[in-house]
$ cat structure-v9.cif   # mmCIF, C-alpha atoms and all ligand atoms
data_entry
loop_
_atom_site.label_atom_id
_atom_site.label_comp_id
_atom_site.auth_asym_id
_atom_site.auth_seq_id
_atom_site.Cartn_x
_atom_site.Cartn_y
_atom_site.Cartn_z
CA MET A 1 -2.73 -12.26 -2.56
CA LEU A 2 -5.29 -9.58 -1.72
CA LEU A 3 -5.12 -6.83 0.89
CA GLY A 4 -8.39 -5.27 2.11
CA LEU A 5 -8.71 -2.05 4.08
CA ASP A 6 -11.58 0.00 5.47
CA ASP A 7 -12.73 2.58 7.99
CA THR A 8 -9.62 4.71 8.44
CA ASP A 9 -10.97 8.23 7.97
CA SER A 10 -13.01 10.78 9.88
CA PRO A 11 -14.97 13.83 8.75
CA ASP A 12 -11.83 15.82 9.70
CA GLY A 13 -9.40 14.08 7.41
CA MET A 14 -7.88 11.05 5.75
CA CYS A 15 -9.55 8.82 3.17
CA THR A 16 -9.29 5.05 2.89
CA THR A 17 -8.44 5.26 -0.84
CA TYR A 18 -5.57 7.63 -0.03
CA LEU A 19 -4.19 5.33 2.64
CA GLY A 20 -4.60 2.39 0.24
CA ALA A 21 -2.66 4.29 -2.43
CA LEU A 22 0.12 5.13 0.09
CA ILE A 23 0.37 1.45 1.03
CA ALA A 24 0.45 0.46 -2.65
CA ASN A 25 3.31 2.91 -3.27
CA GLU A 26 5.22 1.57 -0.26
CA LEU A 27 4.72 -2.05 -1.41
CA LYS A 28 6.04 -1.16 -4.86
CA ARG A 29 9.03 0.57 -3.26
CA ARG A 30 9.74 -2.65 -1.37
CA GLY A 31 9.71 -4.77 -4.53
CA PHE A 32 6.12 -6.07 -4.56
CA THR A 33 3.97 -5.85 -7.68
CA VAL A 34 0.52 -4.32 -7.24
CA THR A 35 -1.54 -5.73 -10.09
CA ASN A 36 -4.90 -4.17 -9.24
CA HIS A 37 -6.27 -1.26 -7.20
CA ARG A 38 -9.98 -1.69 -6.43
CA LEU A 39 -12.41 0.67 -4.72
CA VAL A 40 -15.78 -0.79 -3.75
CA ARG A 41 -18.75 1.10 -2.44
CA LEU A 42 -20.88 -0.91 -0.02
CA ASN A 43 -24.46 -0.54 1.23
CA PRO A 44 -25.09 3.23 0.99
CA ASN A 45 -27.62 3.00 3.84
CA VAL A 46 -25.27 1.94 6.64
CA ILE A 47 -25.37 4.48 9.42
CA TRP A 48 -21.69 4.14 10.38
CA LYS A 49 -20.26 5.52 7.16
CA THR A 50 -18.15 8.68 7.15
CA ARG A 51 -18.92 9.64 3.56
CA GLY A 52 -19.45 7.17 0.74
CA ASN A 53 -19.02 3.78 2.48
CA ALA A 54 -15.92 2.80 0.54
CA GLY A 55 -13.51 -0.09 1.11
CA ILE A 56 -10.43 -0.86 -0.95
CA SER A 57 -8.49 -3.93 -2.02
CA LEU A 58 -5.06 -4.32 -3.61
CA GLU A 59 -4.02 -7.39 -5.62
CA ILE A 60 -0.38 -8.02 -4.83
CA SER A 61 2.28 -10.46 -5.92
CA GLY A 62 6.01 -10.96 -5.46
CA GLY A 63 6.49 -11.54 -1.74
CA ASP A 64 5.31 -12.75 1.60
CA SER A 65 1.76 -12.06 2.80
CA THR A 66 2.90 -11.50 6.39
CA VAL A 67 5.15 -8.64 5.20
CA VAL A 68 2.22 -7.08 3.31
CA PHE A 69 0.06 -7.42 6.42
CA GLU A 70 2.72 -5.80 8.63
CA ILE A 71 3.23 -2.87 6.24
CA ALA A 72 -0.53 -2.28 5.98
CA CYS A 73 -0.98 -2.36 9.78
CA GLU A 74 1.97 -0.01 10.25
CA PHE A 75 0.42 2.51 7.82
CA VAL A 76 -3.00 2.24 9.45
CA GLU A 77 -1.45 2.84 12.87
CA ARG A 78 0.40 5.90 11.54
CA PHE A 79 -2.37 7.52 9.51
CA ALA A 80 -5.86 6.37 10.56
CA ARG A 81 -7.98 8.86 12.49
CA PHE A 82 -8.30 6.82 15.70
CA GLU A 83 -9.49 9.85 17.68
CA CYS A 84 -12.84 9.74 15.85
CA GLU A 85 -15.38 7.52 17.56
CA LYS A 86 -16.65 6.28 14.20
CA THR A 87 -13.19 5.25 12.95
CA ASN A 88 -12.69 1.52 13.50
CA PRO A 89 -10.10 0.35 10.97
CA GLY A 90 -9.87 -3.16 9.56
CA VAL A 91 -6.99 -4.83 7.67
CA VAL A 92 -7.37 -8.21 5.93
CA VAL A 93 -4.89 -10.23 3.86
CA VAL A 94 -5.95 -13.42 2.01
CA GLU A 95 -4.01 -15.64 -0.40
CA SER A 96 -6.98 -15.96 -2.82
CA PRO A 97 -10.40 -14.30 -3.24
CA PRO A 98 -12.97 -15.55 -0.68
CA ASP A 99 -16.62 -16.39 -1.50
CA PRO A 100 -18.21 -13.30 -3.16
CA ALA A 101 -21.40 -13.95 -1.15
CA PHE A 102 -19.97 -11.81 1.64
CA TYR A 103 -19.33 -8.92 -0.75
CA TYR A 104 -22.93 -9.07 -1.96
CA GLN A 105 -24.19 -9.13 1.61
CA ALA A 106 -22.14 -6.02 2.50
CA LEU A 107 -23.17 -4.31 -0.75
CA GLN A 108 -26.90 -5.01 -0.61
CA ARG A 109 -27.69 -5.91 3.01
CA PHE A 110 -26.07 -5.74 6.44
CA CYS A 111 -23.26 -7.66 8.14
CA THR A 112 -22.21 -7.99 11.78
CA ILE A 113 -18.67 -7.77 13.11
CA GLU A 114 -19.08 -11.21 14.75
CA GLU A 115 -20.02 -13.04 11.55
CA THR A 116 -17.16 -11.27 9.75
CA VAL A 117 -14.59 -12.43 12.31
CA LYS A 118 -15.97 -15.99 12.12
CA ARG A 119 -15.54 -15.98 8.34
CA LEU A 120 -12.04 -14.55 8.59
CA GLU A 121 -11.10 -17.36 11.00
CA ARG A 122 -12.69 -19.98 8.76
CA ILE A 123 -10.79 -18.88 5.65
CA GLY A 124 -7.50 -18.52 7.53
CA ALA A 125 -7.06 -14.82 6.73
CA LEU A 126 -4.50 -12.56 8.34
CA TYR A 127 -6.59 -9.82 9.91
CA LYS A 128 -6.55 -7.03 12.45
CA GLY A 129 -9.53 -5.01 13.63
CA TYR A 130 -8.80 -1.82 15.53
CA LYS A 131 -11.11 -0.47 18.25
CA ASN A 132 -14.47 -2.21 17.70
CA GLY A 133 -13.15 -3.79 14.47
CA ARG A 134 -16.08 -2.71 12.28
CA GLY A 135 -13.72 -1.91 9.40
CA LEU A 136 -13.14 -5.67 9.01
CA ILE A 137 -16.57 -5.83 7.33
CA GLY A 138 -15.57 -3.50 4.49
CA ALA A 139 -12.05 -4.96 4.30
CA LEU A 140 -13.34 -8.54 3.89
CA ALA A 141 -16.05 -7.35 1.46
CA ALA A 142 -13.41 -5.59 -0.67
CA VAL A 143 -11.20 -8.69 -1.04
CA SER A 144 -14.32 -10.83 -1.70
CA SER A 145 -15.67 -8.50 -4.37
CA VAL A 146 -16.47 -9.43 -7.95
CA LEU A 147 -17.30 -6.76 -10.51
CA PRO A 148 -19.47 -8.08 -13.39
CA ASP A 149 -19.80 -4.45 -14.44
CA LYS A 150 -17.13 -1.92 -13.56
CA THR A 151 -16.04 1.67 -14.04
CA TYR A 152 -12.88 3.58 -13.18
CA GLU A 153 -12.04 6.62 -11.12
CA CYS A 154 -8.88 8.68 -11.35
CA LEU A 155 -8.39 10.14 -7.88
CA ALA A 156 -5.84 12.95 -7.52
CA TYR A 157 -4.58 13.56 -3.98
CA ARG A 158 -3.38 16.82 -2.44
CA LYS A 159 0.06 17.57 -1.09
CA ASN A 160 0.40 17.33 2.69
CA GLU A 161 1.32 20.98 3.17
CA VAL A 162 -1.97 22.24 1.67
CA LEU A 163 -4.36 19.89 3.50
CA GLY A 164 -7.15 21.85 5.16
CA THR A 165 -6.74 24.87 2.85
CA PRO A 166 -9.19 25.69 0.03
CA ARG A 167 -8.50 23.71 -3.16
CA ILE A 168 -7.09 25.79 -6.02
CA TYR A 169 -8.50 25.18 -9.49
CA ALA A 170 -9.96 26.91 -12.54
CA GLU A 171 -13.65 26.03 -12.82
CA GLU A 172 -13.71 26.20 -16.62
CA GLY A 173 -11.31 23.27 -17.03
CA PHE A 174 -13.80 20.89 -15.41
CA PHE A 175 -16.58 21.97 -17.79
CA THR A 176 -14.26 21.59 -20.80
CA SER A 177 -13.19 18.19 -19.53
CA GLU A 178 -16.77 16.90 -19.39
CA GLU A 179 -17.66 18.48 -22.75
CA GLN A 180 -14.72 16.74 -24.39
CA THR A 181 -15.06 13.31 -22.79
CA ALA A 182 -18.76 12.70 -21.93
CA PRO A 183 -20.49 10.24 -22.18
CA HIS A 184 -17.30 8.26 -21.43
CA THR A 185 -16.95 10.27 -18.22
CA TRP A 186 -19.69 11.55 -15.89
CA ASP A 187 -20.25 13.35 -12.60
CA THR A 188 -17.44 15.84 -13.23
CA VAL A 189 -19.86 18.79 -13.38
CA ASP A 190 -23.58 19.52 -13.35
CA PHE A 191 -24.13 21.50 -16.55
CA ILE A 192 -27.67 22.51 -15.61
CA ARG A 193 -26.72 24.03 -12.27
CA ARG A 194 -23.23 25.09 -13.49
CA GLU A 195 -21.66 23.30 -10.53
CA ILE A 196 -18.46 21.32 -10.17
CA VAL A 197 -19.31 17.98 -8.65
CA CYS A 198 -16.01 16.05 -8.58
CA VAL A 199 -14.09 18.29 -6.14
CA PRO A 200 -14.76 17.67 -2.44
CA HIS A 201 -14.82 20.57 0.02
CA GLY A 202 -13.57 18.97 3.23
CA LYS A 203 -10.18 18.44 4.85
CA ASP A 204 -9.63 15.05 3.22
CA PRO A 205 -6.71 14.56 0.82
CA VAL A 206 -8.78 14.16 -2.38
CA LEU A 207 -8.24 16.98 -4.89
CA TYR A 208 -10.69 15.61 -7.46
CA GLY A 209 -12.05 12.32 -8.77
CA ILE A 210 -12.83 11.77 -12.45
CA ARG A 211 -15.12 8.85 -13.26
CA GLY A 212 -15.10 7.08 -16.58
CA ASP A 213 -15.74 3.95 -18.65
CA THR A 214 -12.06 3.12 -18.95
CA PRO A 215 -8.78 4.29 -17.38
CA LYS A 216 -7.95 5.92 -20.73
CA TRP A 217 -11.03 8.15 -20.71
CA ALA A 218 -10.53 9.11 -17.07
CA ILE A 219 -6.90 10.06 -17.73
CA LYS A 220 -7.82 11.93 -20.92
CA ALA A 221 -10.38 13.95 -18.92
CA THR A 222 -7.77 15.02 -16.37
CA GLY A 223 -5.75 16.58 -19.22
CA PHE A 224 -8.23 19.48 -19.44
CA LEU A 225 -8.00 20.41 -15.76
CA GLU A 226 -6.12 23.34 -14.31
CA THR A 227 -5.61 22.78 -10.60
CA GLU A 228 -3.02 23.04 -7.85
CA GLU A 229 -0.37 20.39 -8.40
CA PRO A 230 -1.52 17.05 -6.98
CA ALA A 231 0.87 15.00 -4.84
CA PHE A 232 0.03 11.97 -7.00
CA SER A 233 -2.94 10.25 -8.69
CA GLN A 234 -4.28 6.72 -8.63
CA ILE A 235 -6.67 5.00 -11.00
CA TRP A 236 -9.11 2.77 -9.15
CA GLU A 237 -11.24 0.01 -10.65
CA THR A 238 -14.67 0.36 -9.02
CA ASN A 239 -18.27 -0.82 -8.71
CA GLN A 240 -19.38 2.84 -8.84
CA GLY A 241 -22.04 3.76 -11.37
CA THR A 242 -23.17 0.15 -11.85
CA ASP A 243 -26.41 -0.15 -9.80
CA ALA A 244 -24.79 -3.13 -8.05
CA HIS A 245 -26.63 -2.22 -4.84
CA LEU A 246 -30.13 -2.75 -6.33
CA LEU A 247 -32.23 -5.82 -5.54
CA PRO A 248 -35.63 -6.89 -6.90
CA LEU A 249 -38.53 -5.97 -4.62
CA PRO A 250 -39.09 -8.88 -2.17
CA ASP A 251 -42.56 -10.51 -2.20
CA GLY A 252 -42.89 -9.67 1.49
CA GLY A 253 -42.32 -5.96 0.88
CA PRO A 254 -39.34 -3.61 1.07
CA ILE A 255 -36.87 -4.00 3.95
CA GLU A 256 -35.33 -1.05 5.79
CA GLY A 257 -31.84 -0.22 4.48
CA GLU A 258 -32.06 -2.15 1.21
CA SER A 259 -32.15 -0.65 -2.29
CA TYR A 260 -34.40 -1.80 -5.12
CA ARG A 261 -35.29 -1.60 -8.77
CA PHE A 262 -38.87 -2.52 -9.64
CA SER A 263 -41.81 -1.54 -11.84
CA GLY A 264 -45.27 -0.42 -10.80
CA VAL A 265 -48.14 1.95 -11.42
CA VAL A 266 -48.38 5.48 -10.02
CA GLU A 267 -51.23 5.37 -7.50
CA SER A 268 -51.37 8.93 -6.25
CA LEU A 269 -50.61 12.23 -7.91
CA PRO A 270 -47.18 13.59 -6.82
CA ILE A 271 -47.50 16.40 -4.31
CA THR A 272 -44.84 18.80 -3.04
CA ASN A 273 -44.78 18.88 0.75
CA ARG A 274 -43.65 21.75 2.98
CA GLY A 275 -39.98 20.81 2.85
CA GLY A 276 -40.05 20.84 -0.95
CA HIS A 277 -39.95 17.05 -1.12
CA VAL A 278 -42.12 15.55 -3.86
CA GLN A 279 -43.99 12.42 -2.85
CA PHE A 280 -46.31 9.88 -4.46
CA THR A 281 -47.36 6.28 -4.02
CA ILE A 282 -46.51 3.43 -6.36
CA LEU A 283 -48.43 0.15 -6.56
CA SER A 284 -46.21 -2.84 -7.28
CA ASN A 285 -47.03 -6.52 -6.89
CA GLY A 286 -50.02 -5.63 -4.71
CA MET A 287 -47.96 -3.38 -2.39
CA GLU A 288 -48.39 0.37 -1.97
CA ILE A 289 -45.01 2.01 -1.46
CA PRO A 290 -44.46 5.71 -0.67
CA VAL A 291 -41.82 7.27 -2.93
CA PHE A 292 -39.96 10.52 -2.22
CA ALA A 293 -37.86 12.78 -4.46
CA PHE A 294 -36.16 14.91 -1.82
CA GLU A 295 -35.64 18.66 -2.01
CA PRO A 296 -31.86 18.46 -2.63
CA THR A 297 -32.60 16.59 -5.88
CA LYS A 298 -33.70 20.01 -7.25
CA TYR A 299 -34.73 19.96 -10.93
CA PHE A 300 -35.21 16.17 -10.90
CA ARG A 301 -38.43 16.87 -8.97
CA ASN A 302 -39.94 18.60 -12.01
CA ALA A 303 -39.91 15.32 -13.93
CA VAL A 304 -41.44 13.52 -10.93
CA ARG A 305 -44.17 16.16 -10.72
CA GLU A 306 -45.21 15.32 -14.28
CA LEU A 307 -46.27 11.81 -13.30
CA VAL A 308 -50.00 11.16 -13.10
CA VAL A 309 -52.09 8.32 -11.70
CA GLY A 310 -51.95 5.29 -13.97
CA ASP A 311 -48.44 5.87 -15.36
CA GLU A 312 -46.46 2.64 -15.54
CA ILE A 313 -42.88 3.27 -14.43
CA THR A 314 -39.68 1.53 -13.35
CA ILE A 315 -37.97 3.03 -10.31
CA CYS A 316 -34.66 2.66 -8.46
CA GLY A 317 -33.96 3.78 -4.93
CA SER A 318 -33.25 2.95 -1.29
CA PHE A 319 -35.88 2.10 1.29
CA GLN A 320 -35.21 4.13 4.40
CA LYS A 321 -37.51 5.09 7.27
CA GLY A 322 -40.49 3.55 5.50
CA VAL A 323 -40.19 5.40 2.19
CA LEU A 324 -38.38 4.81 -1.07
CA HIS A 325 -35.71 7.48 -1.75
CA LEU A 326 -35.90 7.87 -5.50
CA GLU A 327 -32.57 7.69 -7.41
CA LYS A 328 -34.08 7.50 -10.90
CA PHE A 329 -37.20 6.43 -12.78
CA ARG A 330 -38.24 5.55 -16.29
CA PRO A 331 -41.80 5.92 -17.60
CA ASN A 332 -42.72 2.74 -19.50
CA LEU A 333 -46.29 3.55 -20.45
CA LEU A 334 -47.85 6.93 -19.81
CA ALA A 335 -51.52 7.15 -18.87
CA THR A 336 -53.44 9.01 -21.55
CA GLN A 337 -54.33 12.06 -19.55
CA LYS A 338 -53.62 15.71 -19.99
CA SER A 339 -52.51 17.54 -16.89
CA ARG A 340 -55.01 20.33 -17.66
CA SER A 341 -57.39 18.82 -15.09
CA SER A 342 -54.89 19.63 -12.32
CA PRO A 343 -52.28 22.03 -13.65
CA ARG A 344 -48.99 22.69 -11.92
CA CYS A 345 -48.47 25.82 -9.86
CA PRO A 346 -46.14 28.29 -11.57
CA ILE A 347 -44.87 29.38 -8.11
CA CYS A 348 -43.98 26.12 -6.34
CA GLY A 349 -44.63 23.40 -8.92
CA GLY A 350 -47.39 21.88 -6.78
CA ARG A 351 -50.77 20.72 -8.07
CA MET A 352 -53.55 23.29 -8.46
CA THR A 353 -57.29 22.94 -8.17
CA SER A 354 -60.03 25.10 -9.54
CA ALA A 355 -60.73 28.10 -7.28
CA GLY A 356 -64.35 28.20 -8.52
CA LYS A 357 -66.09 29.05 -11.77
CA ASP A 358 -64.13 31.76 -13.65
CA LYS A 359 -61.90 32.29 -10.60
CA GLY A 360 -58.83 30.54 -11.94
CA TYR A 361 -56.79 28.04 -9.95
CA LYS A 362 -55.54 27.73 -6.39
CA CYS A 363 -52.42 25.79 -5.41
CA ARG A 364 -53.03 22.99 -2.90
CA GLU A 365 -49.51 23.36 -1.57
CA CYS A 366 -48.50 27.03 -1.39
CA SER A 367 -52.02 28.51 -1.70
CA GLY A 368 -50.84 30.67 -4.62
CA LYS A 369 -53.56 31.74 -7.09
CA VAL A 370 -53.48 32.27 -10.83
CA ARG A 371 -56.32 33.32 -13.17
CA ASP A 372 -55.37 30.89 -15.86
CA VAL A 373 -52.65 28.47 -16.76
CA PRO A 374 -51.76 27.47 -20.28
CA ASP A 375 -52.37 23.88 -21.37
CA GLN A 376 -49.51 21.87 -19.98
CA GLU A 377 -48.69 18.96 -22.23
CA ARG A 378 -46.56 16.43 -20.49
CA THR A 379 -42.97 16.29 -21.66
CA LEU A 380 -42.11 12.90 -20.13
CA GLN A 381 -40.57 10.38 -22.49
CA THR A 382 -39.67 6.71 -22.22
CA LYS A 383 -36.19 7.36 -20.86
CA TRP A 384 -34.41 7.50 -17.52
CA TYR A 385 -34.83 10.58 -15.34
CA GLU A 386 -32.17 10.78 -12.64
CA VAL A 387 -31.16 12.95 -9.70
CA PRO A 388 -28.53 15.64 -10.46
CA PRO A 389 -24.89 14.50 -10.36
CA GLY A 390 -24.31 16.24 -7.02
CA SER A 391 -27.08 14.20 -5.35
CA ARG A 392 -26.20 10.89 -6.97
CA ARG A 393 -25.15 7.90 -4.93
CA HIS A 394 -21.73 6.54 -5.87
CA LEU A 395 -23.27 3.19 -6.80
CA ALA A 396 -26.14 4.58 -8.88
CA LYS A 397 -25.72 3.95 -12.60
CA PRO A 398 -25.94 7.28 -14.43
CA ALA A 399 -28.37 7.52 -17.36
CA VAL A 400 -25.42 7.79 -19.79
CA ARG A 401 -24.59 4.19 -18.84
CA MET A 402 -28.19 2.94 -19.19
CA LYS A 403 -28.15 2.74 -23.00
CA ASP A 404 -28.91 -1.00 -23.13
CA ASP A 405 -31.71 -0.55 -20.65
CA ILE A 406 -34.15 1.77 -22.39
P1 LIG B 501 -13.67 5.45 4.74
O1 LIG B 501 -12.97 6.29 3.73
O2 LIG B 501 -13.03 5.42 6.09
O3 LIG B 501 -13.86 4.05 4.24
P2 LIG B 501 -16.53 5.67 4.48
O4 LIG B 501 -17.50 6.74 4.22
O5 LIG B 501 -16.28 4.73 3.38
O6 LIG B 501 -15.12 6.17 4.96
P3 LIG B 501 -16.41 4.13 6.77
O7 LIG B 501 -15.71 5.06 7.69
O8 LIG B 501 -15.64 3.07 6.10
O9 LIG B 501 -17.18 4.96 5.69
O10 LIG B 501 -17.62 3.52 7.59
C1 LIG B 501 -18.40 2.47 7.14
C2 LIG B 501 -18.34 1.33 8.13
O11 LIG B 501 -19.44 0.46 7.88
C3 LIG B 501 -17.08 0.48 7.96
O12 LIG B 501 -16.64 0.09 9.24
C4 LIG B 501 -17.55 -0.75 7.19
O13 LIG B 501 -16.81 -1.90 7.49
C5 LIG B 501 -18.98 -0.87 7.68
N1 LIG B 501 -19.89 -1.47 6.71
C6 LIG B 501 -19.86 -1.34 5.36
N2 LIG B 501 -20.89 -2.01 4.80
C7 LIG B 501 -21.58 -2.58 5.79
C8 LIG B 501 -22.74 -3.40 5.85
N3 LIG B 501 -23.39 -3.76 4.75
N4 LIG B 501 -23.17 -3.82 7.07
C9 LIG B 501 -22.53 -3.44 8.18
N5 LIG B 501 -21.44 -2.67 8.20
C10 LIG B 501 -20.96 -2.22 7.03
#

$ encode --input "structure-v9.cif" --output "structure tokens"
Amino acid sequence: MLLGLDDTDSPDGMCTTYLGALIANELKRRGFTVTNHRLVRLNPNVIWKTRGNAGISLEISGGDSTVVFEIACEFVERFARFECEKTNPGVVVVESPPDPAFYYQALQRFCTIEETVKRLERIGALYKGYKNGRGLIGALAAVSSVLPDKTYECLAYRKNEVLGTPRIYAEEGFFTSEEQTAPHTWDTVDFIRREIVCVPHGKDPVLYGIRGDTPKWAIKATGFLETEEPAFSQIWETNQGTDAHLLPLPDGGPIEGESYRFSGVVESLPITNRGGHVQFTILSNGMEIPVFAFEPTKYFRNAVRELVVGDEITICGSFQKGVLHLEKFRPNLLATQKSRSSPRCPICGGRMTSAGKDKGYKCRECSGKVRDVPDQERTLQTKWYEVPPGSRRHLAKPAVRMKDDI
């Protein structure tokens, strides 16, 4: 049988994976066997999410499904953050996996609570939706999930008595861990910005999460860490880092809240706007689509700024508020053009124009002036350029996993 759970936390505490792990431990204590722990990320563009839009499922054998259902509901009632308006837990138990179509809909599109309840009735599931019952969507999606590609995450959870206090750890251990285990692990640190990425900062019970190809690599990576003692850890099988959220671009154009991977030609030179966001237009299948690399994606924007009109590229990202939020891109064929004709500003990275004969260059964005700029050969190669680990969506496949896709 499969147990699905979602929407139990609030920005002030709890985490659905933690509650799922507590339930798994309780089931084992009561003689059940938990044969799989799965964490699925769903559509990253839903507005109701607390953090990463996660739902979990447990594969269980060795007992009665009504007992599993009762234990899960009891734990949700004890631990879920009902006081938060956005917390609307859902618990689902099914004897066998339902049609994966619902998982794909929750992963790549949108679902309503009504259609979810109808499905649950049709398949004869045991289910309980608390408050407005929205968590039933993620709970049903989790038990319906199929993972043609999968990764693992070792999540360590904090002891109760330290919740809400700053996490204690030695930074160096995380860097050593990634040095020793990459490319089999990723998103532990950002080497370029010297930042630790896998430790959250909030009041939730997660101490750290190490992502890897296999449980073995994730566990090996934890061996290099020096942290406060975790209460316990759980390895989750996940759809993280697989690009499972990406769809091909529809003929009718991009749809709000969906995520895509498609190829096209750069139609306008990237410019840096006032907020530091870098924007350009791509032409694909006759459609002009605005693309943004947002300011928090930091050094990623330098690669985007190197694009010029005529470059043929493949891009991945989510379509929100009428623009594509770039997650990564790969140049396929670079236009033969030197950037000398419009060099980049050494102050803000924006494009510069000639300030007049022998007067040097003036930046179109920050109005900075320079007498001369050296020839700037483009450094772009035919490889994936991606946002920094700290800005990456859970579902986005990191470049280290894109080896067969060059
Ligand atoms: P938690 O740890 O509680 O799961 P979270 O960041 O994963 O936190 P949720 O609190 O679960 O986010 O909020 C997401 C809500 O959106 C859930 O109720 C889930 O059922 C619902 N949901 C997920 N995917 C979709 C979708 N594609 N369409 C509509 N609702 C969705």

$ residues_around --input "structure-v9.cif" --residues "Gly129 in chain A" --least-positions-apart "2" --cutoff "9 Å" --atoms "all atoms listed in the file" --output "mmCIF file with C-alpha atoms, in the coordinates of the input"
data_model
loop_
_atom_site.group_PDB
_atom_site.id
_atom_site.type_symbol
_atom_site.label_atom_id
_atom_site.label_comp_id
_atom_site.auth_asym_id
_atom_site.auth_seq_id
_atom_site.Cartn_x
_atom_site.Cartn_y
_atom_site.Cartn_z
ATOM 1 C CA ASN A 88 -12.690 1.520 13.500
ATOM 2 C CA PRO A 89 -10.100 0.350 10.970
ATOM 3 C CA GLY A 90 -9.870 -3.160 9.560
ATOM 4 C CA VAL A 91 -6.990 -4.830 7.670
ATOM 5 C CA VAL A 92 -7.370 -8.210 5.930
ATOM 6 C CA TYR A 127 -6.590 -9.820 9.910
ATOM 7 C CA LYS A 131 -11.110 -0.470 18.250
ATOM 8 C CA ASN A 132 -14.470 -2.210 17.700
ATOM 9 C CA GLY A 133 -13.150 -3.790 14.470
ATOM 10 C CA ARG A 134 -16.080 -2.710 12.280
ATOM 11 C CA GLY A 135 -13.720 -1.910 9.400
ATOM 12 C CA LEU A 136 -13.140 -5.670 9.010
#

$ residues_around --input "structure-v9.cif" --residues "Trp48 in chain A" --least-positions-apart "3" --cutoff "9 Å" --atoms "all atoms listed in the file" --output "compact mmCIF listing (two decimals) with C-alpha atoms, in the frame of the given file"
# COMPACT_ATOMS: atom_id res chain seq x y z
CA ASN A 45 -27.62 3.00 3.84
CA ASN A 53 -19.02 3.78 2.48
CA LYS A 86 -16.65 6.28 14.20
CA THR A 87 -13.19 5.25 12.95

$ closest_residue --input "structure-v9.cif" --among "A:Glu267, A:Glu386, A:Glu306, A:Glu312" --to "Val291 in chain A" --atoms "all atoms listed in the file"
A:Glu267

$ residues_near_ligand --input "structure-v9.cif" --ligand "ligand LIG 501 (chain B)" --cutoff "9 Å" --atoms "all atoms listed in the file" --output "PyMOL selection string"
chain A and resi 5-11+14-19+41-56+80-81+86-90+103-113+133-141

$ residues_around --input "structure-v9.cif" --residues "Arg158 in chain A" --least-positions-apart "6" --cutoff "10 Å" --atoms "all atoms listed in the file" --output "ChimeraX atom specification"
/A:18,164,167,204-208,228-233

$ atom_distance --input "structure-v9.cif" --atom1 "CA of Thr379 in chain A" --atom2 "CA of Asp358 in chain A"
27.4 Å

$ closest_atom_pairs --input "structure-v9.cif" --of "range 176-243 of chain A" --to "range 142-157 of chain A" --cutoff "12 Å" --atoms "all atoms listed in the file" --output "tab-separated table"
residue	atom	partner	partner_atom	distance
A:His184	CA	A:Thr151	CA	10.0
A:Thr185	CA	A:Tyr152	CA	9.3
A:Trp186	CA	A:Glu153	CA	10.3
A:Asp187	CA	A:Glu153	CA	10.7
A:Thr188	CA	A:Glu153	CA	10.9
A:Cys198	CA	A:Leu155	CA	9.7
A:Val199	CA	A:Ala156	CA	9.9
A:Pro200	CA	A:Tyr157	CA	11.1
A:Lys203	CA	A:Tyr157	CA	11.5
A:Asp204	CA	A:Tyr157	CA	8.9
A:Pro205	CA	A:Tyr157	CA	5.3
A:Val206	CA	A:Tyr157	CA	4.5
A:Leu207	CA	A:Tyr157	CA	5.1
A:Tyr208	CA	A:Ala156	CA	5.5
A:Gly209	CA	A:Leu155	CA	4.4
A:Ile210	CA	A:Cys154	CA	5.1
A:Arg211	CA	A:Glu153	CA	4.4
A:Gly212	CA	A:Tyr152	CA	5.4
A:Asp213	CA	A:Thr151	CA	5.2
A:Thr214	CA	A:Tyr152	CA	5.8
A:Pro215	CA	A:Tyr152	CA	5.9
A:Lys216	CA	A:Tyr152	CA	9.3
A:Trp217	CA	A:Tyr152	CA	9.0
A:Ala218	CA	A:Cys154	CA	6.0
A:Ile219	CA	A:Cys154	CA	6.8
A:Lys220	CA	A:Cys154	CA	10.2
A:Ala221	CA	A:Cys154	CA	9.3
A:Thr222	CA	A:Cys154	CA	8.2
A:Gly223	CA	A:Cys154	CA	11.6
A:Leu225	CA	A:Ala156	CA	11.3
A:Thr227	CA	A:Ala156	CA	10.3
A:Glu228	CA	A:Tyr157	CA	10.4
A:Glu229	CA	A:Tyr157	CA	9.2
A:Pro230	CA	A:Tyr157	CA	5.5
A:Ala231	CA	A:Tyr157	CA	5.7
A:Phe232	CA	A:Tyr157	CA	5.7
A:Ser233	CA	A:Ala156	CA	4.1
A:Gln234	CA	A:Leu155	CA	5.4
A:Ile235	CA	A:Cys154	CA	4.3
A:Trp236	CA	A:Glu153	CA	5.2
A:Glu237	CA	A:Tyr152	CA	4.7
A:Thr238	CA	A:Thr151	CA	5.4
A:Asn239	CA	A:Lys150	CA	5.1
A:Gln240	CA	A:Thr151	CA	6.3
A:Gly241	CA	A:Thr151	CA	6.9
A:Thr242	CA	A:Asp149	CA	6.3
A:Asp243	CA	A:Asp149	CA	9.1

$ residues_around --input "structure-v9.cif" --residues "Arg344 in chain A" --least-positions-apart "5" --cutoff "12 Å" --atoms "all atoms listed in the file" --output "ChimeraX atom specification"
/A:269-272,302-308,338-339,349-354,361-366,368-370,372-378

$ closest_residue --input "structure-v9.cif" --among "A:His394, A:His245, A:Arg38, A:Lys28" --to "Gly63 in chain A" --atoms "all atoms listed in the file"
A:Lys28

$ closest_residue --input "structure-v9.cif" --among "A:Ile196, A:Ile123, A:Leu395, A:Ile71" --to "Phe175 in chain A" --atoms "all atoms listed in the file"
A:Ile196

$ closest_residue --input "structure-v9.cif" --among "A:Arg119, A:His201, A:Arg401, A:Lys383" --to "Ile313 in chain A" --atoms "all atoms listed in the file"
A:Lys383
